[in-house]
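Contents: one structure, followed by commentary.
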Amino acid sequence: MSEKNSNCQNTGLSRRRFIRDTGIVTTALASSVILSSCQNDNNPPANTTSTGEAEPAKLEVFNPTGSIEVTHLHAARLGSLEGKTICEVTNGDYNFDNTFPRLRQTLQNLYPGSSFIPYTEFETIPNVVDEDSIAGILAALEEAGCDGVIVGNAG
């Protein structure tokens, strides 16, 4: 047996355990040095603003993404489409002219008492909308008597 292996067997200490234990000891020593350097009672920090106890700092942090809190995700769902007027609105994205007619036909088969106003009856919504265009879209949908709206194509 080699001399190196016999030393490990004599002490019963593996390399893995030696490295782990020395890492723990080193970390403990470093932590105690750092903590002891933070506790310097000889020179306490001067309090120049008040004679009482210092108040905690108040920080206000702004979200750099510009996102806002969503408080209401969706409109209330209709109990059924039966007897309702459903309007279609599109922004003209990929394959909308194929999916809207298929979706309309499927829903008309499921709810024969419902009526549909196709996307061709409304203006195409631009990809970027402002308050004026939203107001115009909402006015057109309200004027058409829509009970529900199918928006977009998710494509």
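How things are named: the first chain in the structure tokens is A, the next is B, and so on; residues count from 1 in each chain; ligands count from 1 in the order shown.
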List as a VMD selection string the protein and nucleic acid residues near stretch 71-79 of chain A, meaning an atom at most 12 Å away when only C-alpha atoms are counted, but skip any in the same chain fewer than 2 places from it.
chain A and resid 68 to 69 81 to 86 146 to 149
Got a sec: who's within 8 Å of stretch 96-101 of chain A, counting only C-alpha atoms, leaving out chain neighbours fewer than 2 positions off, as a PyMOL selection string?
chain A and resi 88+90+92-94+103-105+118-119+152-153
For the selection you just gave me, I'd like the residues written to a file as a PDB file, in the first residue's frame, keeping C-alpha atoms.
ATOM      1  CA  GLU A  88     -65.539  40.030 -33.904  1.00  0.00           C
ATOM      2  CA  THR A  90     -59.202  41.930 -35.297  1.00  0.00           C
ATOM      3  CA  GLY A  92     -55.204  41.952 -38.897  1.00  0.00           C
ATOM      4  CA  ASP A  93     -52.553  39.572 -37.603  1.00  0.00           C
ATOM      5  CA  TYR A  94     -51.638  36.325 -39.306  1.00  0.00           C
ATOM      6  CA  LEU A 103     -64.773  30.017 -35.242  1.00  0.00           C
ATOM      7  CA  ARG A 104     -67.993  31.837 -36.163  1.00  0.00           C
ATOM      8  CA  GLN A 105     -69.385  28.746 -37.921  1.00  0.00           C
ATOM      9  CA  PRO A 118     -68.116  39.698 -38.403  1.00  0.00           C
ATOM     10  CA  TYR A 119     -64.814  41.549 -38.162  1.00  0.00           C
ATOM     11  CA  GLY A 152     -57.860  38.967 -32.056  1.00  0.00           C
ATOM     12  CA  ASN A 153     -56.434  35.738 -33.244  1.00  0.00           C
TER      13      ASN A 153
END
Fewer than 4 positions away in the same chain doesn't count, so skip those; otherwise give me all residues within 10 Å of A:Phe122, counting only C-alpha atoms, as a ChimeraX atom specification.
/A:87-90,117-118,137,140-141,144
Filtered DSSP result for stretch 66-150 of chain A, state alpha helix (DSSP H), as an MDAnalysis selection string
chainID A and resid 96:110 131:144
Please produce an output containing N, CA and C atoms for each residue in the selection, written as a PDB file, in the first residue's frame.
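Listed below is the output, part-v2.pdb:
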ATOM      1  N   PHE A  96     -56.033  35.688 -39.582  1.00  0.00           N
ATOM      2  CA  PHE A  96     -57.317  36.051 -38.981  1.00  0.00           C
ATOM      3  C   PHE A  96     -58.473  35.787 -39.927  1.00  0.00           C
ATOM      4  N   ASP A  97     -58.259  35.991 -41.235  1.00  0.00           N
ATOM      5  CA  ASP A  97     -59.322  35.807 -42.218  1.00  0.00           C
ATOM      6  C   ASP A  97     -59.687  34.337 -42.408  1.00  0.00           C
ATOM      7  N   ASN A  98     -58.891  33.446 -41.883  1.00  0.00           N
ATOM      8  CA  ASN A  98     -59.189  32.016 -41.925  1.00  0.00           C
ATOM      9  C   ASN A  98     -59.851  31.551 -40.622  1.00  0.00           C
ATOM     10  N   THR A  99     -59.324  32.031 -39.495  1.00  0.00           N
ATOM     11  CA  THR A  99     -59.816  31.527 -38.210  1.00  0.00           C
ATOM     12  C   THR A  99     -61.154  32.121 -37.802  1.00  0.00           C
ATOM     13  N   PHE A 100     -61.394  33.401 -38.065  1.00  0.00           N
ATOM     14  CA  PHE A 100     -62.669  33.996 -37.652  1.00  0.00           C
ATOM     15  C   PHE A 100     -63.878  33.307 -38.302  1.00  0.00           C
ATOM     16  N   PRO A 101     -63.888  33.074 -39.620  1.00  0.00           N
ATOM     17  CA  PRO A 101     -65.042  32.380 -40.202  1.00  0.00           C
ATOM     18  C   PRO A 101     -65.244  30.962 -39.635  1.00  0.00           C
ATOM     19  N   ARG A 102     -64.159  30.244 -39.387  1.00  0.00           N
ATOM     20  CA  ARG A 102     -64.284  28.897 -38.813  1.00  0.00           C
ATOM     21  C   ARG A 102     -64.819  28.948 -37.394  1.00  0.00           C
ATOM     22  N   LEU A 103     -64.301  29.864 -36.612  1.00  0.00           N
ATOM     23  CA  LEU A 103     -64.773  30.017 -35.242  1.00  0.00           C
ATOM     24  C   LEU A 103     -66.244  30.437 -35.226  1.00  0.00           C
ATOM     25  N   ARG A 104     -66.606  31.376 -36.070  1.00  0.00           N
ATOM     26  CA  ARG A 104     -67.993  31.837 -36.163  1.00  0.00           C
ATOM     27  C   ARG A 104     -68.923  30.682 -36.519  1.00  0.00           C
ATOM     28  N   GLN A 105     -68.543  29.874 -37.506  1.00  0.00           N
ATOM     29  CA  GLN A 105     -69.385  28.746 -37.921  1.00  0.00           C
ATOM     30  C   GLN A 105     -69.540  27.724 -36.797  1.00  0.00           C
ATOM     31  N   THR A 106     -68.450  27.423 -36.096  1.00  0.00           N
ATOM     32  CA  THR A 106     -68.503  26.466 -34.982  1.00  0.00           C
ATOM     33  C   THR A 106     -69.424  26.974 -33.882  1.00  0.00           C
ATOM     34  N   LEU A 107     -69.313  28.243 -33.536  1.00  0.00           N
ATOM     35  CA  LEU A 107     -70.162  28.796 -32.479  1.00  0.00           C
ATOM     36  C   LEU A 107     -71.622  28.899 -32.913  1.00  0.00           C
ATOM     37  N   GLN A 108     -71.874  29.199 -34.184  1.00  0.00           N
ATOM     38  CA  GLN A 108     -73.257  29.235 -34.676  1.00  0.00           C
ATOM     39  C   GLN A 108     -73.889  27.846 -34.632  1.00  0.00           C
ATOM     40  N   ASN A 109     -73.097  26.805 -34.883  1.00  0.00           N
ATOM     41  CA  ASN A 109     -73.610  25.437 -34.782  1.00  0.00           C
ATOM     42  C   ASN A 109     -73.930  25.078 -33.332  1.00  0.00           C
ATOM     43  N   LEU A 110     -73.104  25.544 -32.385  1.00  0.00           N
ATOM     44  CA  LEU A 110     -73.331  25.258 -30.971  1.00  0.00           C
ATOM     45  C   LEU A 110     -74.455  26.095 -30.379  1.00  0.00           C
ATOM     46  N   GLU A 131     -55.813  56.366 -26.562  1.00  0.00           N
ATOM     47  CA  GLU A 131     -57.111  56.519 -25.907  1.00  0.00           C
ATOM     48  C   GLU A 131     -58.216  56.856 -26.897  1.00  0.00           C
ATOM     49  N   ASP A 132     -57.906  57.654 -27.918  1.00  0.00           N
ATOM     50  CA  ASP A 132     -58.925  58.032 -28.897  1.00  0.00           C
ATOM     51  C   ASP A 132     -59.388  56.832 -29.709  1.00  0.00           C
ATOM     52  N   SER A 133     -58.445  55.987 -30.150  1.00  0.00           N
ATOM     53  CA  SER A 133     -58.848  54.828 -30.950  1.00  0.00           C
ATOM     54  C   SER A 133     -59.609  53.808 -30.098  1.00  0.00           C
ATOM     55  N   ILE A 134     -59.234  53.656 -28.821  1.00  0.00           N
ATOM     56  CA  ILE A 134     -59.982  52.751 -27.940  1.00  0.00           C
ATOM     57  C   ILE A 134     -61.403  53.266 -27.754  1.00  0.00           C
ATOM     58  N   ALA A 135     -61.542  54.574 -27.549  1.00  0.00           N
ATOM     59  CA  ALA A 135     -62.875  55.157 -27.384  1.00  0.00           C
ATOM     60  C   ALA A 135     -63.722  54.932 -28.634  1.00  0.00           C
ATOM     61  N   GLY A 136     -63.106  55.067 -29.812  1.00  0.00           N
ATOM     62  CA  GLY A 136     -63.841  54.847 -31.058  1.00  0.00           C
ATOM     63  C   GLY A 136     -64.272  53.392 -31.225  1.00  0.00           C
ATOM     64  N   ILE A 137     -63.408  52.466 -30.870  1.00  0.00           N
ATOM     65  CA  ILE A 137     -63.722  51.039 -30.969  1.00  0.00           C
ATOM     66  C   ILE A 137     -64.854  50.685 -30.019  1.00  0.00           C
ATOM     67  N   LEU A 138     -64.749  51.149 -28.770  1.00  0.00           N
ATOM     68  CA  LEU A 138     -65.790  50.861 -27.785  1.00  0.00           C
ATOM     69  C   LEU A 138     -67.133  51.445 -28.198  1.00  0.00           C
ATOM     70  N   ALA A 139     -67.123  52.650 -28.769  1.00  0.00           N
ATOM     71  CA  ALA A 139     -68.365  53.277 -29.232  1.00  0.00           C
ATOM     72  C   ALA A 139     -68.992  52.454 -30.364  1.00  0.00           C
ATOM     73  N   ALA A 140     -68.177  51.974 -31.290  1.00  0.00           N
ATOM     74  CA  ALA A 140     -68.699  51.176 -32.408  1.00  0.00           C
ATOM     75  C   ALA A 140     -69.292  49.858 -31.911  1.00  0.00           C
ATOM     76  N   LEU A 141     -68.638  49.219 -30.941  1.00  0.00           N
ATOM     77  CA  LEU A 141     -69.151  47.955 -30.399  1.00  0.00           C
ATOM     78  C   LEU A 141     -70.446  48.179 -29.633  1.00  0.00           C
ATOM     79  N   GLU A 142     -70.509  49.269 -28.894  1.00  0.00           N
ATOM     80  CA  GLU A 142     -71.721  49.576 -28.136  1.00  0.00           C
ATOM     81  C   GLU A 142     -72.871  49.888 -29.085  1.00  0.00           C
ATOM     82  N   GLU A 143     -72.589  50.639 -30.129  1.00  0.00           N
ATOM     83  CA  GLU A 143     -73.611  50.996 -31.118  1.00  0.00           C
ATOM     84  C   GLU A 143     -74.144  49.743 -31.830  1.00  0.00           C
ATOM     85  N   ALA A 144     -73.281  48.759 -32.047  1.00  0.00           N
ATOM     86  CA  ALA A 144     -73.698  47.523 -32.708  1.00  0.00           C
ATOM     87  C   ALA A 144     -74.503  46.615 -31.770  1.00  0.00           C
TER      88      ALA A 144
END
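Distance check against A:Ser80 using only C-alpha atoms: of A:Asn127, A:Thr120, A:Ser14, A:Ser114, the minimum falls on A:Ser114.
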Between A:Ala54, A:Val128, A:Val70, A:Leu59, which has the minimum distance to A:Asn91 (counting only C-alpha atoms)?
A:Val128
Atom CA of A:Val129 and atom CA of A:Asn95 are how many Å apart?
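Atom-to-atom, atom CA of A:Val129 and atom CA of A:Asn95 are spaced 20.9 Å apart.
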Work out how far atom CA of A:Ile150 is from atom CA of A:Phe116, in Å to one decimal.
10.0 Å
Which value, in Å to one decimal, gives the distance between atom CA of A:Val151 and atom CA of A:Thr124?
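Answer for the atom CA of A:Val151 to atom CA of A:Thr124 separation: 10.8 Å.
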